$ cat protein-v3.cif   # mmCIF, C-alpha atoms
data_query
loop_
_atom_site.label_atom_id
_atom_site.label_comp_id
_atom_site.auth_asym_id
_atom_site.auth_seq_id
_atom_site.Cartn_x
_atom_site.Cartn_y
_atom_site.Cartn_z
CA MET Z 1237 104.59 70.67 -123.18
CA ASP Z 1238 106.02 71.60 -126.60
CA TYR Z 1239 108.26 69.41 -128.74
CA ASP Z 1240 111.55 71.03 -127.67
CA ALA Z 1241 110.63 70.76 -123.99
CA ILE Z 1242 109.72 67.09 -124.38
CA THR Z 1243 112.99 66.39 -126.20
CA GLN Z 1244 114.95 68.19 -123.49
CA GLN Z 1245 113.12 66.32 -120.74
CA ALA Z 1246 113.79 62.94 -122.38
CA SER Z 1247 117.47 63.85 -122.75
CA MET Z 1248 117.64 64.76 -119.08
CA ASP Z 1249 115.87 61.53 -118.14
CA PHE Z 1250 118.41 59.45 -120.04
CA SER Z 1251 121.31 61.31 -118.44
CA ARG Z 1252 119.73 60.72 -115.04
CA ALA Z 1253 119.35 57.00 -115.84
CA ARG Z 1254 122.97 56.78 -116.99
CA GLY Z 1255 124.11 58.52 -113.83
CA LYS Z 1256 122.24 56.02 -111.70
CA ALA Z 1257 123.77 53.17 -113.71
CA VAL Z 1258 127.29 54.53 -113.13
CA LEU Z 1259 126.59 54.95 -109.41
CA SER Z 1260 125.30 51.39 -109.17
CA GLN Z 1261 128.40 50.11 -110.96
CA ILE Z 1262 130.62 51.94 -108.47
CA GLN Z 1263 128.64 50.66 -105.49
CA ASN Z 1264 128.91 47.08 -106.73
CA PHE Z 1265 132.46 47.09 -108.10
CA LEU Z 1266 133.51 44.45 -105.55
CA ASN Z 1267 130.62 42.19 -106.59
CA VAL Z 1268 129.80 42.87 -110.23
CA ASP Z 1269 127.14 40.14 -110.31
CA ARG Z 1270 124.98 42.36 -108.09
CA ASP Z 1271 124.87 44.90 -110.91
CA ARG Z 1272 124.53 42.45 -113.80
CA LEU Z 1273 121.21 41.83 -115.56
CA LEU Z 1274 120.33 38.16 -115.80
CA SER Z 1275 120.72 36.46 -119.17
CA PHE Z 1276 117.66 34.45 -120.12
CA ASN Z 1277 119.76 31.89 -121.96
CA ASP Z 1278 122.05 31.44 -118.93
CA VAL Z 1279 119.00 30.84 -116.73
CA LYS Z 1280 117.62 28.35 -119.26
CA ASP Z 1281 120.94 26.49 -119.28
CA ILE Z 1282 120.80 26.25 -115.48
CA LEU Z 1283 117.14 25.30 -115.03
CA LYS Z 1284 116.63 23.34 -118.27
CA PRO Z 1285 112.86 23.90 -118.54
CA LYS Z 1286 110.99 21.22 -120.46
CA ASN Z 1287 107.89 23.00 -121.79
CA GLU Z 1288 106.89 26.36 -123.23
CA VAL Z 1289 103.30 27.62 -123.09
CA TYR Z 1290 101.92 30.79 -124.71
CA MET Z 1291 100.01 32.63 -121.99
CA GLY Z 1292 98.66 35.50 -124.10
CA SER Z 1293 98.41 39.16 -123.11
CA GLN Z 1294 98.90 40.02 -119.45
CA THR Z 1295 99.60 42.97 -117.20
CA VAL Z 1296 102.97 42.23 -115.58
CA PRO Z 1297 104.56 43.87 -112.51
CA ILE Z 1298 107.67 45.76 -113.62
CA LYS Z 1299 109.53 44.70 -110.46
CA LEU Z 1300 109.34 41.05 -111.58
CA ILE Z 1301 111.15 41.70 -114.88
CA VAL Z 1302 114.69 40.64 -113.99
CA GLY Z 1303 116.53 39.82 -117.21
CA SER Z 1304 116.75 39.90 -120.96
CA GLU Z 1305 117.19 37.44 -123.80
CA GLY Z 1306 119.57 39.47 -125.91
CA ARG Z 1307 120.27 42.88 -124.34
CA TYR Z 1308 121.55 41.90 -120.89
CA HIS Z 1309 124.90 43.57 -121.64
CA ASP Z 1310 123.24 46.92 -122.39
CA PHE Z 1311 121.32 47.34 -119.12
CA ASN Z 1312 122.17 46.72 -115.48
CA LYS Z 1313 120.25 44.79 -112.82
CA TYR Z 1314 117.75 47.66 -112.52
CA PHE Z 1315 117.35 48.04 -116.30
CA LEU Z 1316 119.33 51.27 -116.26
CA PRO Z 1317 121.20 51.91 -119.55
CA LYS Z 1318 124.90 51.10 -119.34
CA ARG Z 1319 125.95 52.55 -122.71
CA GLU Z 1320 125.67 55.94 -124.35
CA HIS Z 1321 124.71 54.49 -127.74
CA LEU Z 1322 121.32 53.55 -126.26
CA ARG Z 1323 120.41 57.22 -125.88
CA HIS Z 1324 118.56 57.83 -129.17
CA ARG Z 1325 116.16 54.91 -128.96
CA TRP Z 1326 115.74 55.27 -125.18
CA GLN Z 1327 114.80 58.93 -125.53
CA ARG Z 1328 112.25 58.16 -128.26
CA VAL Z 1329 110.52 55.72 -125.91
CA ASP Z 1330 110.67 58.22 -123.05
CA GLU Z 1331 109.17 60.93 -125.26
CA ALA Z 1332 106.25 58.60 -126.00
CA HIS Z 1333 105.83 58.08 -122.25
CA ILE Z 1334 105.82 61.83 -121.61
CA LYS Z 1335 103.20 62.31 -124.36
CA ASP Z 1336 101.06 59.45 -122.94
CA ILE Z 1337 101.35 57.56 -126.23
CA ILE Z 1338 100.40 53.90 -125.81
CA LEU Z 1339 103.15 51.67 -127.23
CA PRO Z 1340 102.74 48.04 -128.35
CA SER Z 1341 102.93 45.32 -125.71
CA ILE Z 1342 106.38 44.04 -124.92
CA LEU Z 1343 107.27 40.35 -125.29
CA LEU Z 1344 108.32 38.42 -122.19
CA TYR Z 1345 109.38 34.97 -121.10
CA GLU Z 1346 108.19 33.84 -117.65
CA ILE Z 1347 110.18 31.27 -115.73
CA GLY Z 1348 110.21 30.56 -112.01
CA GLY Z 1349 107.82 33.44 -111.28
CA VAL Z 1350 109.95 36.18 -112.89
CA TYR Z 1351 110.16 37.61 -116.40
CA PHE Z 1352 112.78 38.10 -119.09
CA VAL Z 1353 112.48 40.54 -121.98
CA ARG Z 1354 112.31 39.06 -125.43
CA ASP Z 1355 111.44 42.40 -127.07
CA GLY Z 1356 110.95 45.77 -125.38
CA ASN Z 1357 114.08 46.34 -123.27
CA HIS Z 1358 114.03 50.12 -123.75
CA ARG Z 1359 110.35 50.30 -122.78
CA VAL Z 1360 111.09 48.38 -119.58
CA SER Z 1361 114.08 50.64 -118.85
CA VAL Z 1362 112.02 53.80 -119.26
CA ALA Z 1363 109.16 52.34 -117.20
CA LYS Z 1364 111.56 51.49 -114.37
CA LEU Z 1365 113.02 55.00 -114.30
CA GLN Z 1366 109.56 56.56 -114.39
CA ASN Z 1367 108.37 54.34 -111.50
CA VAL Z 1368 105.72 52.63 -113.60
CA GLU Z 1369 104.42 49.60 -111.67
CA PHE Z 1370 102.83 47.51 -114.44
CA ILE Z 1371 103.32 46.98 -118.16
CA ASP Z 1372 101.30 45.16 -120.84
CA ALA Z 1373 103.05 42.13 -122.27
CA GLU Z 1374 102.59 38.99 -124.29
CA VAL Z 1375 103.99 36.15 -122.23
CA ILE Z 1376 105.49 32.75 -122.97
CA SER Z 1377 105.82 30.64 -119.82
CA LEU Z 1378 108.53 28.01 -119.32
CA THR Z 1379 107.95 25.21 -116.82
CA THR Z 1380 110.23 24.87 -113.80
CA GLU Z 1381 109.66 23.83 -110.20
CA LEU Z 1382 112.17 26.34 -108.81
CA ASN Z 1383 111.05 29.84 -107.81
CA ILE Z 1384 113.44 32.65 -108.70
CA LYS Z 1385 113.77 35.66 -106.41
CA PRO Z 1386 113.87 38.98 -108.32
CA MET Z 1387 117.32 40.05 -107.08
CA MET Z 1388 119.05 36.68 -107.51
CA THR Z 1389 122.37 36.57 -109.31
CA THR Z 1390 123.25 33.74 -111.68
CA ASP Z 1391 125.45 32.12 -109.02
CA GLU Z 1392 122.71 32.39 -106.40
CA LEU Z 1393 120.27 30.79 -108.82
CA ARG Z 1394 122.70 27.93 -109.45
CA ILE Z 1395 123.17 27.41 -105.70
CA ALA Z 1396 119.40 27.46 -105.13
CA LEU Z 1397 118.92 24.82 -107.83
CA ILE Z 1398 121.61 22.60 -106.32
CA GLU Z 1399 119.96 22.88 -102.90
CA TYR Z 1400 116.58 22.07 -104.45
CA GLU Z 1401 117.99 19.03 -106.23
CA LYS Z 1402 119.63 17.86 -103.00
CA LYS Z 1403 116.36 18.20 -101.12
CA ILE Z 1404 114.53 16.13 -103.74
CA PHE Z 1405 117.26 13.47 -103.84
CA TYR Z 1406 117.38 13.08 -100.06
CA SER Z 1407 113.59 12.99 -99.72
CA GLU Z 1408 113.04 10.48 -102.54
CA THR Z 1409 115.90 8.10 -101.66
CA TYR Z 1410 115.97 8.52 -97.85
CA PHE Z 1411 119.71 8.79 -98.38
CA GLY Z 1412 120.43 10.71 -95.18
CA ASP Z 1413 118.25 8.49 -93.00
CA LEU Z 1414 119.80 5.33 -94.42
CA THR Z 1415 123.45 6.42 -94.33
CA ASP Z 1416 123.43 9.15 -91.68
CA TYR Z 1417 125.41 11.19 -94.19
CA TRP Z 1418 123.97 14.62 -95.00
CA ASP Z 1419 126.94 16.20 -96.75
CA LEU Z 1420 126.60 14.81 -100.26
CA ASN Z 1421 127.17 18.24 -101.83
CA PHE Z 1422 127.90 19.39 -105.36
CA SER Z 1423 129.08 22.63 -106.93
CA SER Z 1424 127.05 22.19 -110.14
CA PRO Z 1425 123.43 21.25 -110.88
CA GLY Z 1426 122.44 17.89 -112.34
CA ARG Z 1427 124.80 15.72 -110.26
CA TYR Z 1428 122.19 14.14 -108.00
CA ASP Z 1429 120.62 12.45 -111.02
CA VAL Z 1430 124.07 11.00 -111.78
CA ILE Z 1431 124.29 9.62 -108.24
CA TYR Z 1432 120.81 8.15 -108.49
CA ASN Z 1433 121.82 6.35 -111.70
CA HIS Z 1434 125.01 5.07 -110.03
CA ILE Z 1435 122.89 3.56 -107.27
CA LEU Z 1436 120.58 1.93 -109.81
CA VAL Z 1437 123.56 0.43 -111.66
CA HIS Z 1438 124.98 -0.81 -108.36
CA LYS Z 1439 121.61 -2.34 -107.51
CA TYR Z 1440 121.56 -4.11 -110.88
CA TYR Z 1441 124.93 -5.76 -110.19
CA LEU Z 1442 123.91 -6.69 -106.65
CA ASN Z 1443 120.87 -8.50 -108.02
CA GLU Z 1444 122.86 -10.60 -110.48
CA GLY Z 1445 122.76 -14.22 -109.41
CA VAL Z 1446 120.39 -13.50 -106.52
CA GLU Z 1447 116.97 -15.12 -106.47
CA GLU Z 1448 115.24 -12.42 -104.44
CA GLU Z 1449 115.69 -8.86 -105.63
CA ILE Z 1450 117.62 -6.61 -103.27
CA PRO Z 1451 115.53 -3.63 -102.06
CA PHE Z 1452 116.48 -0.18 -103.24
CA ASN Z 1453 117.21 0.97 -99.67
CA ASP Z 1454 119.76 -1.81 -99.26
CA ALA Z 1455 121.34 -0.82 -102.57
CA VAL Z 1456 121.66 2.78 -101.34
CA VAL Z 1457 123.54 1.69 -98.23
CA SER Z 1458 125.71 -0.75 -100.16
CA TRP Z 1459 126.62 1.88 -102.77
CA TYR Z 1460 127.51 4.38 -100.07
CA LYS Z 1461 129.73 1.94 -98.15
CA ASN Z 1462 131.29 -0.02 -100.99
CA VAL Z 1463 131.46 2.43 -103.90
CA TYR Z 1464 131.29 6.03 -102.70
CA ASN Z 1465 133.30 5.80 -99.49
CA PRO Z 1466 136.33 4.01 -101.02
CA VAL Z 1467 136.63 6.76 -103.66
CA ILE Z 1468 136.31 9.48 -101.01
CA ALA Z 1469 138.99 7.73 -98.94
CA ILE Z 1470 141.38 7.93 -101.92
CA ILE Z 1471 140.51 11.59 -102.49
CA LYS Z 1472 141.38 12.35 -98.87
CA GLU Z 1473 144.49 10.17 -98.84
CA GLN Z 1474 145.89 11.87 -101.96
CA TRP Z 1475 144.70 15.35 -100.91
CA LEU Z 1476 143.10 15.82 -104.30
CA LEU Z 1477 140.65 18.57 -103.35
CA VAL Z 1478 143.45 21.15 -103.12
CA ASN Z 1479 143.92 20.75 -106.88
CA PHE Z 1480 140.25 21.60 -107.51
CA PRO Z 1481 139.39 24.86 -105.68
CA GLY Z 1482 135.69 25.44 -105.17
CA ARG Z 1483 134.80 21.80 -105.81
CA THR Z 1484 133.54 19.14 -103.42
CA GLU Z 1485 134.43 15.53 -102.65
CA ALA Z 1486 131.24 14.44 -104.40
CA ASP Z 1487 132.25 16.42 -107.52
CA LEU Z 1488 135.54 14.54 -107.61
CA TYR Z 1489 133.80 11.22 -107.01
CA VAL Z 1490 131.67 11.69 -110.15
CA TRP Z 1491 134.63 12.79 -112.28
CA ILE Z 1492 137.01 10.10 -111.02
CA ILE Z 1493 134.47 7.31 -111.59
CA LYS Z 1494 133.94 8.53 -115.14
CA HIS Z 1495 137.69 8.81 -115.74
CA TRP Z 1496 138.27 5.37 -114.21
CA ASP Z 1497 135.68 3.87 -116.55
CA PHE Z 1498 137.44 5.50 -119.50
CA LEU Z 1499 140.83 4.11 -118.44
CA LYS Z 1500 139.45 0.61 -117.92
CA LYS Z 1501 137.94 0.61 -121.40
CA LYS Z 1502 141.26 1.79 -122.83
CA TYR Z 1503 143.71 -0.36 -120.86
CA GLY Z 1504 141.65 -3.10 -119.26
CA THR Z 1505 142.15 -3.58 -115.52
CA TYR Z 1506 143.16 -0.28 -113.93
CA PRO Z 1507 143.57 0.42 -110.17
CA LEU Z 1508 141.19 3.01 -108.79
CA HIS Z 1509 143.84 4.91 -106.83
CA LEU Z 1510 145.95 5.30 -109.98
CA ALA Z 1511 142.91 6.49 -111.91
CA ALA Z 1512 142.28 9.14 -109.24
CA GLY Z 1513 145.87 10.32 -109.39
CA ASP Z 1514 145.84 10.37 -113.18
CA PHE Z 1515 142.67 12.45 -113.20
CA SER Z 1516 144.15 14.98 -110.77
CA LYS Z 1517 147.38 15.20 -112.77
CA LYS Z 1518 145.54 15.83 -116.05
CA TYR Z 1519 142.77 18.14 -114.89
CA GLY Z 1520 143.81 19.62 -111.53
CA GLN Z 1521 145.41 23.01 -111.04
CA ASP Z 1522 149.20 23.02 -110.81
CA LYS Z 1523 149.19 25.45 -107.90
CA GLY Z 1524 147.64 22.73 -105.76
CA LYS Z 1525 150.75 20.52 -105.97
CA PHE Z 1526 152.73 22.53 -103.44
CA SER Z 1527 149.77 22.73 -101.05
CA ARG Z 1528 149.21 19.00 -101.34
CA SER Z 1529 152.87 18.29 -100.58
CA VAL Z 1530 152.72 20.49 -97.48
CA LEU Z 1531 149.51 18.84 -96.29
CA MET Z 1532 150.92 15.35 -96.83
CA LEU Z 1533 154.05 16.34 -94.88
CA ILE Z 1534 151.90 17.55 -91.99
CA LYS Z 1535 149.93 14.32 -92.13
CA ARG Z 1536 153.09 12.25 -91.90
CA ILE Z 1537 154.39 14.33 -88.96
CA PHE Z 1538 151.22 13.89 -86.94
CA LYS Z 1539 151.14 10.17 -87.70
CA LYS Z 1540 154.50 9.73 -85.93
#
$ encode --input "protein-v3.cif" --output "C-alpha cells"
Amino acid sequence: MDYDAITQQASMDFSRARGKAVLSQIQNFLNVDRDRLLSFNDVKDILKPKNEVYMGSQTVPIKLIVGSEGRYHDFNKYFLPKREHLRHRWQRVDEAHIKDIILPSILLYEIGGVYFVRDGNHRVSVAKLQNVEFIDAEVISLTTELNIKPMMTTDELRIALIEYEKKIFYSETYFGDLTDYWDLNFSSPGRYDVIYNHILVHKYYLNEGVEEEIPFNDAVVSWYKNVYNPVIAIIKEQWLLVNFPGRTEADLYVWIIKHWDFLKKKYGTYPLHLAAGDFSKKYGQDKGKFSRSVLMLIKRIFKK
C-alpha cells in the first residue's frame, strides 16, 4: 500500500471512530456516565490505594484498559475519539499500525484488576478500533482489595466500595448479629471507619470508673441503643431526610454528631435536637422545607 493510500485509510479510520463515538453519545444521552471514560484520579480518590509497585513490562488485554490519567475528556468509554482535534496524532498512530511499525510500549496504571493509561491514549484508541486484543505496556500497580469491573461507571464503583466496606464492617464487628439491624447504609465511602471509631470512643467512656473492662460486643450494642438510635429518632421526628435528597439516616447521624460536637465546643451545653435542627437549617436544601411541613401535618393528622 503506497503512502497516499495509507494516509487515506487512516483518515477513513478516524472518521469511522468519530462516527462510532457520536453514535455512542446519542445512545447514552440519558445516562452520560455510560459513555464516559473513567478518570484515574477520580478512581484513586474513591479507592485511596496505599502502595504503588512497578511491575515492569507486560502484555495487557486491551479490553481491561478502562480509563486514563489525563485524557479521559478526549475519549469515550470505548476509547473512541470525542474531538476532531485528535485527528492528526490519531492518524499518525493508525498509519504506523497499517505499516506494521512497532511503537514503544504504553504506560499503564493497574488498580483493582483493570488498567488506566498514563501515556499512550491514542495507541489504545487505535488498537481498540482495529480489534487488537493485547498491547505491550509498562505497568505500575496500585494496591486495593476491591475488584473493578471493566464497564463500571464512577458511581457504580463508589457504590461497590460502600457495599464492600459495609460487608467488612458487619463481619468484623458482628454488628448485624448483635443489634439485628442490617440497614446501616451510607451514600459515601469511608463512613464505616467513622462508625467504628465512634464505637471505640463510646467503649472508652463506658469503661471509665469500671474495674472490669466492658467487652467490645457490649459496647456495640450500647452505642447502637444509646447513641445511634436517639439521633435517628430525632432525624425521623424532624423529618430531616427530606432536606438531604440521596442521603441516608446514617449519613445524617455522622454529620449531626460532628456538628453537635462543634456547637458544644463553641457554646458549652447544647441540646442534641437543637443541634440537629441547626445542622438541617444551615446545610439542608430549602426545597425540603415545604415537603417536611406537609409530612409533619400528615403525621399530626394520623396521630389524632
$ resolve_selection --input "protein-v3.cif" --expression "the PyMOL selection byres ((chain Z and resi 1490) around 12)" --output "MDAnalysis selection string"
chainID Z and resid 1420:1424 1426:1434 1463:1464 1467:1468 1471 1483:1489 1491:1497 1512 1515
$ residues_around --input "protein-v3.cif" --residues "Pro1340 (chain Z)" --least-positions-apart "4" --cutoff "12 Å" --atoms "all atoms listed in the file" --output "JSON, numbers by chain"
{"Z": [1293, 1329, 1332, 1355, 1356, 1359, 1371, 1372, 1373, 1374]}
$ write_last_selection --input "protein-v3.cif" --atoms "C-alpha atoms" --output "PDB file, in the frame of the given file"
ATOM      1  CA  SER Z1293      98.410  39.160-123.110  1.00  0.00           C
ATOM      2  CA  VAL Z1329     110.520  55.720-125.910  1.00  0.00           C
ATOM      3  CA  ALA Z1332     106.250  58.600-126.000  1.00  0.00           C
ATOM      4  CA  ASP Z1355     111.440  42.400-127.070  1.00  0.00           C
ATOM      5  CA  GLY Z1356     110.950  45.770-125.380  1.00  0.00           C
ATOM      6  CA  ARG Z1359     110.350  50.300-122.780  1.00  0.00           C
ATOM      7  CA  ILE Z1371     103.320  46.980-118.160  1.00  0.00           C
ATOM      8  CA  ASP Z1372     101.300  45.160-120.840  1.00  0.00           C
ATOM      9  CA  ALA Z1373     103.050  42.130-122.270  1.00  0.00           C
ATOM     10  CA  GLU Z1374     102.590  38.990-124.290  1.00  0.00           C
TER      11      GLU Z1374
END
$ atom_distance --input "protein-v3.cif" --atom1 "CA of Ala1246 (chain Z)" --atom2 "CA of Lys1335 (chain Z)"
10.8 Å
$ atom_distance --input "protein-v3.cif" --atom1 "CA of Gly1412 (chain Z)" --atom2 "CA of Tyr1440 (chain Z)"
21.6 Å
$ closest_residue --input "protein-v3.cif" --among "Z:Gly1292, Z:Asp1271, Z:Val1362, Z:Tyr1308" --to "Ile1334 (chain Z)" --atoms "all atoms listed in the file"
Z:Val1362
$ resolve_selection --input "protein-v3.cif" --expression "the PyMOL selection byres ((chain Z and resi 1475-1481) around 6)" --output "list in words"
Ile1471, Lys1472, Glu1473, Gln1474, Gly1482, Arg1483, Gly1520, Gln1521, Gly1524 and Arg1528 of chain Z
$ residues_around --input "protein-v3.cif" --residues "Trp1326 (chain Z)" --least-positions-apart "5" --cutoff "12 Å" --atoms "all atoms listed in the file" --output "ChimeraX atom specification"
/Z:1243,1246-1251,1253-1254,1310-1311,1315-1321,1331-1333,1356-1363,1365
$ write_last_selection --input "protein-v3.cif" --atoms "C-alpha atoms" --output "short mmCIF file (atom, residue, chain, number, x, y, z; two decimals), keeping the file's coordinate frame"
data_model
loop_
_atom_site.label_atom_id
_atom_site.label_comp_id
_atom_site.auth_asym_id
_atom_site.auth_seq_id
_atom_site.Cartn_x
_atom_site.Cartn_y
_atom_site.Cartn_z
CA THR Z 1243 112.99 66.39 -126.20
CA ALA Z 1246 113.79 62.94 -122.38
CA SER Z 1247 117.47 63.85 -122.75
CA MET Z 1248 117.64 64.76 -119.08
CA ASP Z 1249 115.87 61.53 -118.14
CA PHE Z 1250 118.41 59.45 -120.04
CA SER Z 1251 121.31 61.31 -118.44
CA ALA Z 1253 119.35 57.00 -115.84
CA ARG Z 1254 122.97 56.78 -116.99
CA ASP Z 1310 123.24 46.92 -122.39
CA PHE Z 1311 121.32 47.34 -119.12
CA PHE Z 1315 117.35 48.04 -116.30
CA LEU Z 1316 119.33 51.27 -116.26
CA PRO Z 1317 121.20 51.91 -119.55
CA LYS Z 1318 124.90 51.10 -119.34
CA ARG Z 1319 125.95 52.55 -122.71
CA GLU Z 1320 125.67 55.94 -124.35
CA HIS Z 1321 124.71 54.49 -127.74
CA GLU Z 1331 109.17 60.93 -125.26
CA ALA Z 1332 106.25 58.60 -126.00
CA HIS Z 1333 105.83 58.08 -122.25
CA GLY Z 1356 110.95 45.77 -125.38
CA ASN Z 1357 114.08 46.34 -123.27
CA HIS Z 1358 114.03 50.12 -123.75
CA ARG Z 1359 110.35 50.30 -122.78
CA VAL Z 1360 111.09 48.38 -119.58
CA SER Z 1361 114.08 50.64 -118.85
CA VAL Z 1362 112.02 53.80 -119.26
CA ALA Z 1363 109.16 52.34 -117.20
CA LEU Z 1365 113.02 55.00 -114.30
#
$ atom_distance --input "protein-v3.cif" --atom1 "CA of Ile1298 (chain Z)" --atom2 "CA of Glu1369 (chain Z)"
5.4 Å
$ resolve_selection --input "protein-v3.cif" --expression "the PyMOL selection byres ((chain Z and resi 1388) around 10)" --output "list in words"
Asp1269, Arg1270, Leu1273, Leu1274, Val1302, Lys1313, Ile1384, Lys1385, Pro1386, Met1387, Thr1389, Thr1390, Asp1391, Glu1392, Leu1393, Arg1394 and Ala1396 of chain Z
$ residues_around --input "protein-v3.cif" --residues "Leu1378 (chain Z)" --least-positions-apart "3" --cutoff "8 Å" --atoms "only C-alpha atoms" --output "list in words"
Pro1285, Lys1286, Asn1287, Glu1288, Val1289, Tyr1345, Glu1346, Ile1347 and Gly1348 of chain Z
$ closest_residue --input "protein-v3.cif" --among "Z:Met1237, Z:Ser1377, Z:Tyr1400, Z:Val1368" --to "Met1291 (chain Z)" --atoms "only C-alpha atoms"
Z:Ser1377
$ closest_residue --input "protein-v3.cif" --among "Z:Tyr1351, Z:Tyr1239, Z:Tyr1406, Z:Phe1265" --to "Val1279 (chain Z)" --atoms "all atoms listed in the file"
Z:Tyr1351
$ closest_residue --input "protein-v3.cif" --among "Z:Leu1510, Z:Pro1425, Z:Gly1504, Z:Lys1364" --to "Ile1282 (chain Z)" --atoms "all atoms listed in the file"
Z:Pro1425
$ residues_around --input "protein-v3.cif" --residues "Ser1304 (chain Z)" --least-positions-apart "3" --cutoff "6 Å" --atoms "all atoms listed in the file" --output "number ranges by chain"
Z: 1275-1276, 1307-1308, 1352-1353
$ write_last_selection --input "protein-v3.cif" --atoms "C-alpha atoms" --output "mmCIF file, in the frame of the given file"
data_model
loop_
_atom_site.group_PDB
_atom_site.id
_atom_site.type_symbol
_atom_site.label_atom_id
_atom_site.label_comp_id
_atom_site.auth_asym_id
_atom_site.auth_seq_id
_atom_site.Cartn_x
_atom_site.Cartn_y
_atom_site.Cartn_z
ATOM 1 C CA SER Z 1275 120.720 36.460 -119.170
ATOM 2 C CA PHE Z 1276 117.660 34.450 -120.120
ATOM 3 C CA ARG Z 1307 120.270 42.880 -124.340
ATOM 4 C CA TYR Z 1308 121.550 41.900 -120.890
ATOM 5 C CA PHE Z 1352 112.780 38.100 -119.090
ATOM 6 C CA VAL Z 1353 112.480 40.540 -121.980
#
$ axis_aligned_box --input "protein-v3.cif" --around "region 1475-1493 of chain Z" --padding-each-side "4 Å" --output "lines of an AutoDock Vina configuration file"
center_x = 138.0
center_y = 16.4
center_z = -106.6
size_x = 21.5
size_y = 26.1
size_z = 19.4
$ residues_around --input "protein-v3.cif" --residues "Tyr1460 (chain Z)" --least-positions-apart "3" --cutoff "10 Å" --atoms "all atoms listed in the file" --output "PDB file with C-alpha atoms, in the coordinates of the input"
ATOM      1  CA  PHE Z1411     119.710   8.790 -98.380  1.00  0.00           C
ATOM      2  CA  LEU Z1414     119.800   5.330 -94.420  1.00  0.00           C
ATOM      3  CA  THR Z1415     123.450   6.420 -94.330  1.00  0.00           C
ATOM      4  CA  TYR Z1417     125.410  11.190 -94.190  1.00  0.00           C
ATOM      5  CA  ILE Z1435     122.890   3.560-107.270  1.00  0.00           C
ATOM      6  CA  ASP Z1454     119.760  -1.810 -99.260  1.00  0.00           C
ATOM      7  CA  ALA Z1455     121.340  -0.820-102.570  1.00  0.00           C
ATOM      8  CA  VAL Z1456     121.660   2.780-101.340  1.00  0.00           C
ATOM      9  CA  VAL Z1457     123.540   1.690 -98.230  1.00  0.00           C
ATOM     10  CA  VAL Z1463     131.460   2.430-103.900  1.00  0.00           C
ATOM     11  CA  TYR Z1464     131.290   6.030-102.700  1.00  0.00           C
ATOM     12  CA  ASN Z1465     133.300   5.800 -99.490  1.00  0.00           C
ATOM     13  CA  PRO Z1466     136.330   4.010-101.020  1.00  0.00           C
TER      14      PRO Z1466
END
